[in-house]
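J.: Provided herewith: run_30.json, JSON, C-alpha atoms.
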```
[["chain", "number", "residue", "atom", "x", "y", "z"],
["G", 1, "MET", "CA", -111.13, 37.89, -131.61],
["G", 2, "GLN", "CA", -114.37, 38.79, -133.39],
["G", 3, "GLN", "CA", -116.35, 37.27, -130.54],
["G", 4, "ILE", "CA", -114.55, 39.45, -128.00],
["G", 5, "GLN", "CA", -115.28, 42.58, -130.05],
["G", 6, "ASP", "CA", -118.95, 41.60, -130.34],
["G", 7, "GLN", "CA", -119.15, 41.14, -126.57],
["G", 8, "ARG", "CA", -117.61, 44.58, -126.03],
["G", 9, "LYS", "CA", -120.08, 46.19, -128.44],
["G", 10, "LYS", "CA", -122.92, 44.42, -126.69],
["G", 11, "LYS", "CA", -121.76, 45.73, -123.29],
["G", 12, "VAL", "CA", -121.52, 49.27, -124.66],
["G", 13, "LEU", "CA", -125.03, 49.07, -126.12],
["G", 14, "VAL", "CA", -126.46, 47.66, -122.90],
["G", 15, "SER", "CA", -124.75, 50.44, -120.92],
["G", 16, "CYS", "CA", -126.11, 53.11, -123.31],
["G", 17, "PHE", "CA", -129.67, 51.78, -123.12],
["G", 18, "LYS", "CA", -129.38, 51.61, -119.34],
["G", 19, "GLN", "CA", -128.27, 55.24, -119.12],
["G", 20, "ILE", "CA", -131.05, 56.33, -121.50],
["G", 21, "GLY", "CA", -133.56, 54.47, -119.34],
["G", 22, "ARG", "CA", -132.28, 56.10, -116.15],
["G", 23, "CYS", "CA", -132.38, 59.56, -117.74],
["G", 24, "THR", "CA", -135.92, 58.94, -118.98],
["G", 25, "VAL", "CA", -137.07, 57.84, -115.52],
["G", 26, "SER", "CA", -135.35, 60.89, -114.01],
["G", 27, "CYS", "CA", -137.11, 63.24, -116.44],
["G", 28, "ILE", "CA", -140.52, 61.69, -115.68],
["G", 29, "LEU", "CA", -139.84, 61.90, -111.94],
["G", 30, "VAL", "CA", -138.92, 65.60, -112.22],
["G", 31, "LEU", "CA", -142.12, 66.34, -114.15],
["G", 32, "LEU", "CA", -144.21, 64.45, -111.57],
["G", 33, "THR", "CA", -142.46, 66.27, -108.73],
["G", 34, "GLN", "CA", -143.00, 69.71, -110.23],
["G", 35, "PHE", "CA", -146.62, 68.87, -111.07],
["G", 36, "ALA", "CA", -147.25, 67.77, -107.47],
["G", 37, "LEU", "CA", -145.73, 71.01, -106.21],
["G", 38, "THR", "CA", -148.01, 73.11, -108.43],
["G", 39, "LEU", "CA", -151.00, 71.64, -106.59],
["G", 40, "VAL", "CA", -149.93, 73.39, -103.39],
["G", 41, "PRO", "CA", -150.36, 77.03, -104.56],
["G", 42, "HIS", "CA", -153.28, 76.04, -106.78],
["G", 43, "PHE", "CA", -155.42, 74.61, -103.96],
["G", 44, "PHE", "CA", -153.98, 76.60, -101.05],
["G", 45, "PRO", "CA", -153.35, 80.07, -102.51],
["G", 46, "ALA", "CA", -154.32, 81.96, -99.36],
["G", 47, "SER", "CA", -152.15, 79.88, -97.01],
["G", 48, "SER", "CA", -149.05, 81.32, -95.37],
["G", 49, "LEU", "CA", -145.56, 80.68, -96.71],
["G", 50, "LEU", "CA", -144.78, 78.31, -93.84],
["G", 51, "VAL", "CA", -147.88, 76.21, -94.56],
["G", 52, "GLN", "CA", -147.12, 76.08, -98.28],
["G", 53, "LEU", "CA", -143.51, 75.06, -97.56],
["G", 54, "THR", "CA", -144.73, 72.28, -95.25],
["G", 55, "LEU", "CA", -147.20, 71.03, -97.87],
["G", 56, "SER", "CA", -144.44, 71.16, -100.49],
["G", 57, "VAL", "CA", -142.25, 68.93, -98.31],
["G", 58, "VAL", "CA", -145.14, 66.48, -97.96],
["G", 59, "ALA", "CA", -145.64, 66.49, -101.74],
["G", 60, "LEU", "CA", -141.91, 65.88, -102.33],
["G", 61, "VAL", "CA", -141.82, 62.99, -99.86],
["G", 62, "PHE", "CA", -144.92, 61.45, -101.47],
["G", 63, "VAL", "CA", -143.45, 61.65, -105.01],
["G", 64, "LEU", "CA", -140.09, 60.26, -103.87],
["G", 65, "GLY", "CA", -141.86, 57.38, -102.12],
["G", 66, "LEU", "CA", -143.89, 56.72, -105.26],
["G", 67, "GLY", "CA", -140.69, 56.81, -107.32],
["G", 68, "ARG", "CA", -139.03, 54.20, -105.12],
["G", 69, "TRP", "CA", -142.10, 51.98, -105.34],
["G", 70, "CYS", "CA", -142.15, 52.23, -109.14],
["G", 71, "ARG", "CA", -138.41, 51.61, -109.24],
["G", 72, "ARG", "CA", -138.88, 48.23, -107.59],
["G", 73, "ILE", "CA", -141.53, 47.30, -110.16],
["G", 74, "VAL", "CA", -139.81, 48.60, -113.30],
["G", 75, "GLY", "CA", -136.28, 47.81, -112.12],
["G", 76, "VAL", "CA", -134.83, 51.05, -113.54],
["G", 77, "TYR", "CA", -133.19, 53.50, -111.17],
["G", 78, "ALA", "CA", -133.28, 57.26, -111.57],
["G", 79, "SER", "CA", -129.99, 59.10, -111.98],
["G", 80, "ALA", "CA", -129.28, 61.68, -109.26],
["G", 81, "PRO", "CA", -127.20, 63.94, -111.56],
["G", 82, "ALA", "CA", -129.99, 63.76, -114.15],
["G", 83, "LEU", "CA", -132.52, 64.80, -111.49],
["G", 84, "VAL", "CA", -130.37, 67.83, -110.66],
["G", 85, "PHE", "CA", -129.98, 68.70, -114.35],
["G", 86, "PHE", "CA", -133.66, 68.32, -115.28],
["G", 87, "ASN", "CA", -134.85, 70.29, -112.24],
["G", 88, "LEU", "CA", -132.47, 73.09, -113.19],
["G", 89, "ILE", "CA", -133.71, 73.06, -116.79],
["G", 90, "PHE", "CA", -137.34, 73.04, -115.65],
["G", 91, "ILE", "CA", -136.88, 76.10, -113.43],
["G", 92, "TRP", "CA", -134.96, 77.86, -116.20],
["G", 93, "ALA", "CA", -137.80, 77.13, -118.63],
["G", 94, "VAL", "CA", -140.38, 78.57, -116.21],
["G", 95, "TYR", "CA", -138.25, 81.67, -115.91],
["G", 96, "ILE", "CA", -137.79, 82.13, -119.66],
["G", 97, "PHE", "CA", -141.44, 81.54, -120.64],
["G", 98, "ILE", "CA", -143.23, 83.11, -117.67],
["G", 99, "VAL", "CA", -141.18, 85.06, -115.13],
["G", 100, "ARG", "CA", -138.90, 86.93, -117.55],
["G", 101, "GLN", "CA", -141.67, 89.24, -118.75],
["G", 102, "ALA", "CA", -141.78, 90.99, -115.35],
["G", 103, "ILE", "CA", -137.99, 91.24, -114.86],
["G", 104, "PRO", "CA", -135.72, 94.09, -116.04],
["G", 105, "TYR", "CA", -133.56, 93.23, -119.05],
["G", 106, "PHE", "CA", -130.20, 93.51, -117.27],
["G", 107, "ILE", "CA", -131.27, 91.30, -114.34],
["G", 108, "SER", "CA", -132.60, 88.75, -116.83],
["G", 109, "ILE", "CA", -129.21, 88.61, -118.57],
["G", 110, "VAL", "CA", -127.44, 88.10, -115.23],
["G", 111, "PHE", "CA", -129.79, 85.25, -114.24],
["G", 112, "ASN", "CA", -129.36, 83.49, -117.60],
["G", 113, "ILE", "CA", -125.57, 83.73, -117.24],
["G", 114, "GLU", "CA", -125.82, 82.26, -113.72],
["G", 115, "VAL", "CA", -127.81, 79.26, -114.95],
["G", 116, "THR", "CA", -125.48, 78.71, -117.92],
["G", 117, "LEU", "CA", -122.38, 78.75, -115.71],
["G", 118, "LEU", "CA", -124.12, 76.41, -113.28],
["G", 119, "ILE", "CA", -124.86, 73.87, -116.02],
["G", 120, "LEU", "CA", -121.25, 74.05, -117.25],
["G", 121, "GLY", "CA", -120.05, 73.56, -113.68],
["G", 122, "VAL", "CA", -122.25, 70.49, -113.15],
["G", 123, "CYS", "CA", -120.97, 68.96, -116.40],
["G", 124, "SER", "CA", -117.41, 69.73, -115.31],
["G", 125, "ILE", "CA", -117.63, 68.12, -111.87],
["G", 126, "LEU", "CA", -119.30, 65.01, -113.30],
["G", 127, "SER", "CA", -116.15, 64.22, -115.27],
["G", 128, "SER", "CA", -113.60, 65.69, -112.84],
["G", 129, "ASP", "CA", -110.87, 63.67, -111.13],
["G", 130, "PRO", "CA", -111.42, 63.91, -107.37],
["G", 131, "GLY", "CA", -107.88, 62.68, -106.67],
["G", 132, "LEU", "CA", -108.09, 59.07, -107.73],
["G", 133, "VAL", "CA", -105.12, 56.93, -106.69],
["G", 134, "THR", "CA", -104.68, 54.64, -109.69],
["G", 135, "HIS", "CA", -103.00, 51.27, -109.56],
["G", 136, "GLY", "CA", -99.32, 51.48, -110.41],
["G", 137, "SER", "CA", -99.03, 55.23, -109.75],
["G", 138, "SER", "CA", -96.36, 56.65, -107.44],
["G", 139, "ASP", "CA", -99.06, 57.62, -104.93],
["G", 140, "ALA", "CA", -100.41, 54.07, -104.94],
["G", 141, "ASN", "CA", -96.92, 52.65, -104.29],
["G", 142, "LYS", "CA", -96.33, 55.12, -101.44],
["G", 143, "LEU", "CA", -99.72, 54.27, -99.99],
["G", 144, "ILE", "CA", -98.84, 50.56, -99.97],
["G", 145, "GLU", "CA", -95.48, 51.29, -98.32],
["G", 146, "THR", "CA", -97.11, 53.49, -95.70],
["G", 147, "LYS", "CA", -99.67, 50.82, -94.82],
["G", 148, "ALA", "CA", -97.14, 47.98, -94.91],
["G", 149, "PHE", "CA", -94.35, 49.58, -92.86],
["G", 150, "GLY", "CA", -96.24, 52.18, -90.83],
["G", 151, "VAL", "CA", -94.26, 55.08, -92.27],
["G", 152, "GLU", "CA", -94.96, 58.34, -90.47],
["G", 153, "ALA", "CA", -95.68, 61.57, -92.37],
["G", 154, "HIS", "CA", -92.58, 63.85, -92.25],
["G", 155, "ASN", "CA", -93.36, 66.13, -95.17],
["G", 156, "GLU", "CA", -96.34, 67.77, -96.88],
["G", 157, "GLY", "CA", -96.64, 65.07, -99.57],
["G", 158, "SER", "CA", -96.68, 62.14, -97.14],
["G", 159, "ALA", "CA", -99.03, 64.04, -94.81],
["G", 160, "LEU", "CA", -101.51, 64.45, -97.66],
["G", 161, "LEU", "CA", -101.06, 60.81, -98.54],
["G", 162, "LYS", "CA", -102.18, 59.83, -95.04],
["G", 163, "ARG", "CA", -105.57, 61.34, -95.87],
["G", 164, "VAL", "CA", -106.21, 58.96, -98.74],
["G", 165, "ARG", "CA", -109.55, 57.27, -98.00],
["G", 166, "TYR", "CA", -111.50, 54.48, -99.62],
["G", 167, "CYS", "CA", -114.85, 55.26, -101.28],
["G", 168, "LYS", "CA", -117.26, 52.32, -101.17],
["G", 169, "SER", "CA", -119.43, 53.79, -103.95],
["G", 170, "CYS", "CA", -116.56, 54.21, -106.42],
["G", 171, "LYS", "CA", -114.54, 51.29, -105.01],
["G", 172, "ALA", "CA", -111.39, 53.39, -105.22],
["G", 173, "TYR", "CA", -108.91, 55.28, -103.05],
["G", 174, "ILE", "CA", -109.30, 59.07, -103.18],
["G", 175, "LYS", "CA", -106.79, 61.69, -102.02],
["G", 176, "GLY", "CA", -108.36, 64.12, -99.55],
["G", 177, "PHE", "CA", -111.65, 62.22, -99.69],
["G", 178, "ASP", "CA", -114.56, 64.19, -98.20],
["G", 179, "HIS", "CA", -117.66, 62.29, -99.32],
["G", 180, "HIS", "CA", -119.30, 60.67, -102.32],
["G", 181, "CYS", "CA", -121.83, 63.11, -103.79],
["G", 182, "PRO", "CA", -124.76, 61.30, -105.47],
["G", 183, "ALA", "CA", -126.12, 64.60, -106.84],
["G", 184, "PHE", "CA", -122.94, 65.13, -108.88],
["G", 185, "GLY", "CA", -122.26, 61.43, -109.47],
["G", 186, "ASN", "CA", -118.68, 61.73, -108.24],
["G", 187, "CYS", "CA", -116.46, 61.70, -105.19],
["G", 188, "ILE", "CA", -115.45, 65.00, -103.65],
["G", 189, "GLY", "CA", -111.75, 64.95, -102.92],
["G", 190, "GLN", "CA", -108.52, 66.90, -103.11],
["G", 191, "ASN", "CA", -108.73, 67.77, -106.82],
["G", 192, "ASN", "CA", -112.36, 68.93, -107.07],
["G", 193, "TYR", "CA", -113.22, 70.21, -103.58],
["G", 194, "VAL", "CA", -112.85, 73.87, -104.66],
["G", 195, "LEU", "CA", -115.07, 73.27, -107.69],
["G", 196, "PHE", "CA", -117.62, 71.61, -105.40],
["G", 197, "MET", "CA", -117.70, 74.66, -103.11],
["G", 198, "ILE", "CA", -118.00, 77.01, -106.09],
["G", 199, "LEU", "CA", -120.92, 74.95, -107.39],
["G", 200, "LEU", "CA", -122.65, 75.01, -103.99],
["G", 201, "ALA", "CA", -122.27, 78.79, -103.86],
["G", 202, "GLY", "CA", -123.50, 78.97, -107.47],
["G", 203, "PHE", "CA", -126.63, 76.96, -106.69],
["G", 204, "LEU", "CA", -127.40, 79.13, -103.66],
["G", 205, "THR", "CA", -126.89, 82.34, -105.64],
["G", 206, "THR", "CA", -128.94, 81.18, -108.64],
["G", 207, "GLU", "CA", -131.79, 79.85, -106.52],
["G", 208, "ALA", "CA", -131.85, 83.02, -104.42],
["G", 209, "SER", "CA", -131.96, 85.07, -107.64],
["G", 210, "TYR", "CA", -134.88, 83.00, -108.90],
["G", 211, "ILE", "CA", -136.75, 83.45, -105.60],
["G", 212, "VAL", "CA", -136.37, 87.22, -105.89],
["G", 213, "CYS", "CA", -137.43, 87.27, -109.56],
["G", 214, "SER", "CA", -140.43, 84.97, -109.04],
["G", 215, "SER", "CA", -141.52, 86.99, -106.01],
["G", 216, "GLN", "CA", -141.42, 90.15, -108.10],
["G", 217, "PHE", "CA", -143.48, 88.45, -110.81],
["G", 218, "SER", "CA", -146.01, 87.23, -108.20],
["G", 219, "ARG", "CA", -146.49, 90.67, -106.69],
["G", 220, "GLY", "CA", -146.86, 92.27, -110.13],
["G", 221, "SER", "CA", -149.38, 89.67, -111.26],
["G", 222, "GLN", "CA", -151.50, 90.03, -108.14],
["G", 223, "ILE", "CA", -151.59, 93.80, -108.55],
["G", 224, "LEU", "CA", -152.47, 93.71, -112.25],
["G", 225, "GLY", "CA", -154.73, 90.72, -112.45],
["G", 226, "GLY", "CA", -156.47, 90.50, -109.12],
["G", 227, "THR", "CA", -157.41, 86.87, -108.33],
["G", 228, "TRP", "CA", -156.46, 85.28, -111.66],
["G", 229, "PHE", "CA", -153.04, 84.46, -110.30],
["G", 230, "GLU", "CA", -154.51, 82.12, -107.71],
["G", 231, "THR", "CA", -155.99, 79.75, -110.28],
["G", 232, "ASP", "CA", -153.80, 80.29, -113.35],
["G", 233, "LEU", "CA", -151.43, 77.42, -114.25],
["G", 234, "ALA", "CA", -148.57, 79.79, -115.02],
["G", 235, "GLY", "CA", -148.98, 81.47, -111.65],
["G", 236, "SER", "CA", -149.03, 78.12, -109.87],
["G", 237, "LEU", "CA", -145.84, 77.09, -111.68],
["G", 238, "VAL", "CA", -144.08, 80.26, -110.61],
["G", 239, "VAL", "CA", -145.05, 79.88, -106.95],
["G", 240, "SER", "CA", -144.30, 76.13, -106.84],
["G", 241, "THR", "CA", -140.85, 76.55, -108.38],
["G", 242, "MET", "CA", -140.22, 79.42, -105.95],
["G", 243, "LEU", "CA", -141.14, 77.13, -103.03],
["G", 244, "PHE", "CA", -138.93, 74.39, -104.47],
["G", 245, "SER", "CA", -136.01, 76.83, -104.78],
["G", 246, "LEU", "CA", -136.57, 78.05, -101.23],
["G", 247, "LEU", "CA", -136.41, 74.49, -99.90],
["G", 248, "GLN", "CA", -133.20, 73.95, -101.87],
["G", 249, "VAL", "CA", -131.68, 77.12, -100.43],
["G", 250, "ILE", "CA", -132.50, 76.01, -96.87],
["G", 251, "TRP", "CA", -130.81, 72.60, -97.01],
["G", 252, "GLN", "CA", -127.98, 73.69, -99.32],
["G", 253, "GLY", "CA", -127.29, 76.65, -97.02],
["G", 254, "VAL", "CA", -126.86, 74.25, -94.09],
["G", 255, "PHE", "CA", -124.68, 71.98, -96.24],
["G", 256, "PHE", "CA", -122.55, 74.92, -97.42],
["G", 257, "THR", "CA", -122.11, 76.15, -93.84],
["G", 258, "TRP", "CA", -120.99, 72.67, -92.79],
["G", 259, "HIS", "CA", -118.30, 72.59, -95.47],
["G", 260, "LEU", "CA", -117.10, 76.07, -94.51],
["G", 261, "TYR", "CA", -116.70, 74.70, -90.98],
["G", 262, "CYS", "CA", -114.74, 71.72, -92.33],
["G", 263, "ILE", "CA", -112.44, 74.02, -94.29],
["G", 264, "CYS", "CA", -111.83, 76.33, -91.31],
["G", 265, "PHE", "CA", -110.96, 73.37, -89.04],
["G", 266, "ASN", "CA", -109.20, 71.28, -91.74],
["G", 267, "ILE", "CA", -111.44, 68.24, -91.34],
["G", 268, "ARG", "CA", -113.22, 66.09, -93.92],
["G", 269, "THR", "CA", -116.82, 64.88, -93.64],
["G", 270, "ASP", "CA", -115.69, 61.25, -93.79],
["G", 271, "GLU", "CA", -113.08, 61.86, -91.10],
["G", 272, "TRP", "CA", -115.64, 63.56, -88.83],
["G", 273, "ILE", "CA", -118.15, 60.72, -89.15],
["G", 274, "ASN", "CA", -115.66, 57.82, -89.08],
["G", 275, "TRP", "CA", -112.92, 59.27, -86.87],
["G", 276, "LYS", "CA", -112.81, 56.09, -84.78],
["G", 277, "LYS", "CA", -111.51, 54.26, -87.87],
["G", 278, "TYR", "CA", -108.47, 56.56, -88.21],
["G", 279, "PRO", "CA", -105.81, 56.35, -85.47],
["G", 280, "GLU", "CA", -104.52, 59.91, -85.97],
["G", 281, "PHE", "CA", -107.88, 61.27, -84.77],
["G", 282, "GLN", "CA", -107.90, 59.22, -81.57],
["G", 283, "PHE", "CA", -106.63, 60.58, -78.27],
["G", 284, "VAL", "CA", -106.41, 57.83, -75.67],
["G", 285, "ILE", "CA", -106.89, 58.81, -72.03],
["G", 286, "GLN", "CA", -105.36, 56.22, -69.77],
["G", 287, "SER", "CA", -107.46, 54.89, -66.94],
["G", 288, "GLN", "CA", -106.83, 56.14, -63.43],
["G", 289, "PRO", "CA", -105.65, 53.80, -60.69],
["G", 290, "GLY", "CA", -108.54, 51.60, -59.71],
["G", 291, "GLU", "CA", -110.30, 52.03, -63.07],
["G", 292, "SER", "CA", -110.40, 49.21, -65.63],
["G", 293, "PHE", "CA", -111.20, 51.17, -68.78],
["G", 294, "THR", "CA", -109.62, 53.76, -71.08],
["G", 295, "ARG", "CA", -111.38, 56.57, -72.91],
["G", 296, "VAL", "CA", -110.84, 57.47, -76.54],
["G", 297, "MET", "CA", -111.55, 61.08, -77.44],
["G", 298, "PHE", "CA", -111.50, 62.96, -80.73],
["G", 299, "LYS", "CA", -108.57, 65.18, -81.69],
["G", 300, "ASN", "CA", -107.78, 66.84, -85.00],
["G", 301, "PRO", "CA", -104.05, 66.63, -85.81],
["G", 302, "TYR", "CA", -104.52, 68.64, -89.04],
["G", 303, "ASP", "CA", -106.01, 71.76, -87.41],
["G", 304, "ASN", "CA", -103.41, 74.56, -87.67],
["G", 305, "GLY", "CA", -105.70, 77.55, -87.05],
["G", 306, "TYR", "CA", -108.35, 79.18, -89.24],
["G", 307, "LEU", "CA", -106.09, 81.22, -91.50],
["G", 308, "GLN", "CA", -103.56, 78.44, -92.07],
["G", 309, "ASN", "CA", -106.33, 75.91, -92.70],
["G", 310, "VAL", "CA", -107.99, 78.12, -95.33],
["G", 311, "LYS", "CA", -104.60, 78.84, -96.90],
["G", 312, "GLU", "CA", -103.86, 75.12, -97.07],
["G", 313, "PHE", "CA", -107.28, 74.44, -98.60],
["G", 314, "LEU", "CA", -106.73, 76.98, -101.35],
["G", 315, "SER", "CA", -103.17, 75.86, -102.07],
["G", 316, "VAL", "CA", -103.77, 72.11, -101.99],
["G", 317, "HIS", "CA", -107.20, 72.02, -103.63],
["G", 318, "GLY", "CA", -106.75, 74.91, -106.02]]
```
Go ahead and express the file in the form of structure tokens.
T.:
Amino acid sequence: MQQIQDQRKKKVLVSCFKQIGRCTVSCILVLLTQFALTLVPHFFPASSLLVQLTLSVVALVFVLGLGRWCRRIVGVYASAPALVFFNLIFIWAVYIFIVRQAIPYFISIVFNIEVTLLILGVCSILSSDPGLVTHGSSDANKLIETKAFGVEAHNEGSALLKRVRYCKSCKAYIKGFDHHCPAFGNCIGQNNYVLFMILLAGFLTTEASYIVCSSQFSRGSQILGGTWFETDLAGSLVVSTMLFSLLQVIWQGVFFTWHLYCICFNIRTDEWINWKKYPEFQFVIQSQPGESFTRVMFKNPYDNGYLQNVKEFLSVHG
């Protein structure tokens, strides 16, 4: 009995040290990334925004490649949620210590509230239940019966149960599974899809606010200080974090638009990508006389029109 307890304690300690190591690597990687980005406005201050964005992408790719190379040597992987958290904290720190001095008091309060709510939201989705179908639950038993006997969905509950999908990352069945989100370290499913969309909107709003505030600081500094802004470390930090936020807004805006499309058409990301695995999405066109093949086309049996789809999303996922 004592030996079993010792083994459990050892596993807990090993897990804790592993998480600390991953968080440490993530923090170092964030600092290296932000340092590499500061080199862009420092050495290319007169370049256009498009050129600086392109150079920032190159710097990000280089640091990520370096991180993967170091990961193979050290054997410690960075944590994606920790990368999100530390990047958010870094930008917040730049705002508090540098940008805030040029921003009106009320706007500063609003931005700080946005960041605080965003951090709380990230912590919430990390520990949220995406709709896990646990062993022995009524949903698990119904899922087994449906698979074993081919039961058709005749009501809302069984229809939702048909959309239970398997996540390879979590090795679990998730109700309303959309995708596994590495950035939030969790699956996105029926129970946390709304929270996920709120967080995406929150990131876009907060990053857009930071871009506006940092731009205002940049213009004010150039007017007051002439060319000092081009070589000052604080100025380079402001511009680099602004470029980083702009890149985030671009890809997150595309991602957010995609999920709005999915909501309006009542389709999940996993179902769209892997529709050939799910029979309900397959529409078989029989071959014509003289032809020896049949065509399988995509159809969405869950699409009930924009308004009904949005209503179902809010009622089921809310």
J.: Which of these residues is nearest to Ala59 of chain G, using only C-alpha atoms: G:Gln216, G:Ser124, G:Gln101, G:Ser240?
T.: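 Using only C-alpha atoms, Ala59 of chain G sits closest to G:Ser240.
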J.: What gap, in Å, lies between atom CA of Gln34 of chain G and atom CA of Phe85 of chain G?
T.: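 A separation of 13.7 Å between them.
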J.: Between G:Ile89, G:Leu37, G:Ile103, G:Cys187, which has the minimum distance to Thr116 of chain G (counting all atoms listed in the file)?
T.: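 Residue with the minimum atom-to-atom distance to Thr116 of chain G: G:Ile89.
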J.: Between G:Leu126, G:Ile91, G:Val40, G:Leu60, which is the closest to Asn112 of chain G once you count all atoms listed in the file?
T.: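 When distances to Asn112 of chain G are compared using all atoms listed in the file, the smallest one comes from G:Ile91.
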J.: Name all residues at most 7 Å from Lys299 of chain G (count all atoms listed in the file; drop same-chain ones fewer than 3 positions away) and give them as a CSV table (one decimal) with C-alpha atoms, in the coordinates of the input.
T.:
```csv
chain,number,residue,atom,x,y,z
G,281,PHE,CA,-107.9,61.3,-84.8
G,282,GLN,CA,-107.9,59.2,-81.6
G,283,PHE,CA,-106.6,60.6,-78.3
```
